[in-house]
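Chemist: Sharing a structure below in structure tokens format, with a few things to ask.
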Amino acid sequence: MIRIKITAGNIGNNHFYLAKHLDAFPMDAIGGPNVTALAARSVTLHWPFGDPVVTDIAGDKKIFRQRAWIGLLFKQTGAEPDDFVVLTPLAPYEYKVEIEKKVRMTTTVQNHSVGQTIQVQVKTEAWITRAKFEISGALKDFFPADALGARGLPEQDKYPARGASVEFDYGVAGTIICDIATKSNGIMRPRESGPIRRLFEAHRVEVGDVLLVTRIDERRYRVEVAR
């Protein structure tokens, strides 16, 4: 699966950049800068609002050469900057194209359902070196209330020293069971960091990258790096 963050420029110009993902496409589907230098092969793109699009990739701009359909895709889905285009391979030279909406943070968030995903952007280099990520206190209902434990002594007048455990699945980096260390201002993080370090190292996480945290059930969560 390929995930590409949408920018305001993408929306204004009916395209999205493939530069970071060209190695995910067949080399013979990448052509030259104009229609006189089409690639030897095309890819077929299945999207929700029309017939499949057959196009190659313009190698100079690193975008799909046919792009009128992208404007309609953005319009029909209400795409905004920081949403994602998701391309899922179906077969050689065939992809499904969808829009994934960013979860916009609000001051009150309630009734988080199973399967819901929140996005957490890696904000500082310290998060990487200390193998941690923090989640806004506005999203405290994303976790069971009894899973919130004190971050340190100052918070123990508000939270127990340790909360009840939940499970975090970091894929190949491993699974860990721990509580949610919580500051007085509500900012939360998984207390244990071992798998987080392995996840960051495996994906070479940098400041600005995005983590996807998905609620699998009441006490289980999956953590992935958005790519």
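To be explicit about the labels: the chains of the structure tokens are called A, B, and onward in the order shown, and within each one the residues are counted from 1, while ligands get numbers from 1 in the order they are shown.
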Find the residues near Gly137 (chain A): any atom within 9 Å, counting only C-alpha atoms, skip ones fewer than 6 places away on the same chain, and give them as a VMD selection string.
Modeler: chain A and resid 107 182 to 183 185 to 188
Chemist: Using only C-alpha atoms, which residues sit within 10 Å of region 161-176 of chain A once same-chain residues fewer than 3 positions away are excluded, as a PyMOL selection string?
Modeler: chain A and resi 143-153+155-158+179-182+190-202+213-225
Chemist: Under the rule that only C-alpha atoms are counted, which of A:Leu45, A:Ala24, A:Leu72, A:Ile135 is the nearest residue to Glu94 (chain A)?
Modeler: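 Comparing A:Leu45, A:Ala24, A:Leu72, A:Ile135 against Glu94 (chain A), the winner is A:Leu45.
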Chemist: So which residues touch Ile11 (chain A) within 9 Å, counting only C-alpha atoms, skipping near sequence neighbours fewer than 3 positions away, as JSON, numbers by chain?
Modeler: {"A": [6, 7, 8, 14, 15, 16, 70, 71, 74, 75, 79, 80, 81]}
Chemist: Identify which of the residues A:Val205, A:Ala58, A:Leu139, A:Ile118 lies closest to Asn34 (chain A), counting only C-alpha atoms when measuring atom-to-atom distances.
Modeler: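 Counting only C-alpha atoms, the residue closest to Asn34 (chain A) is A:Ala58.
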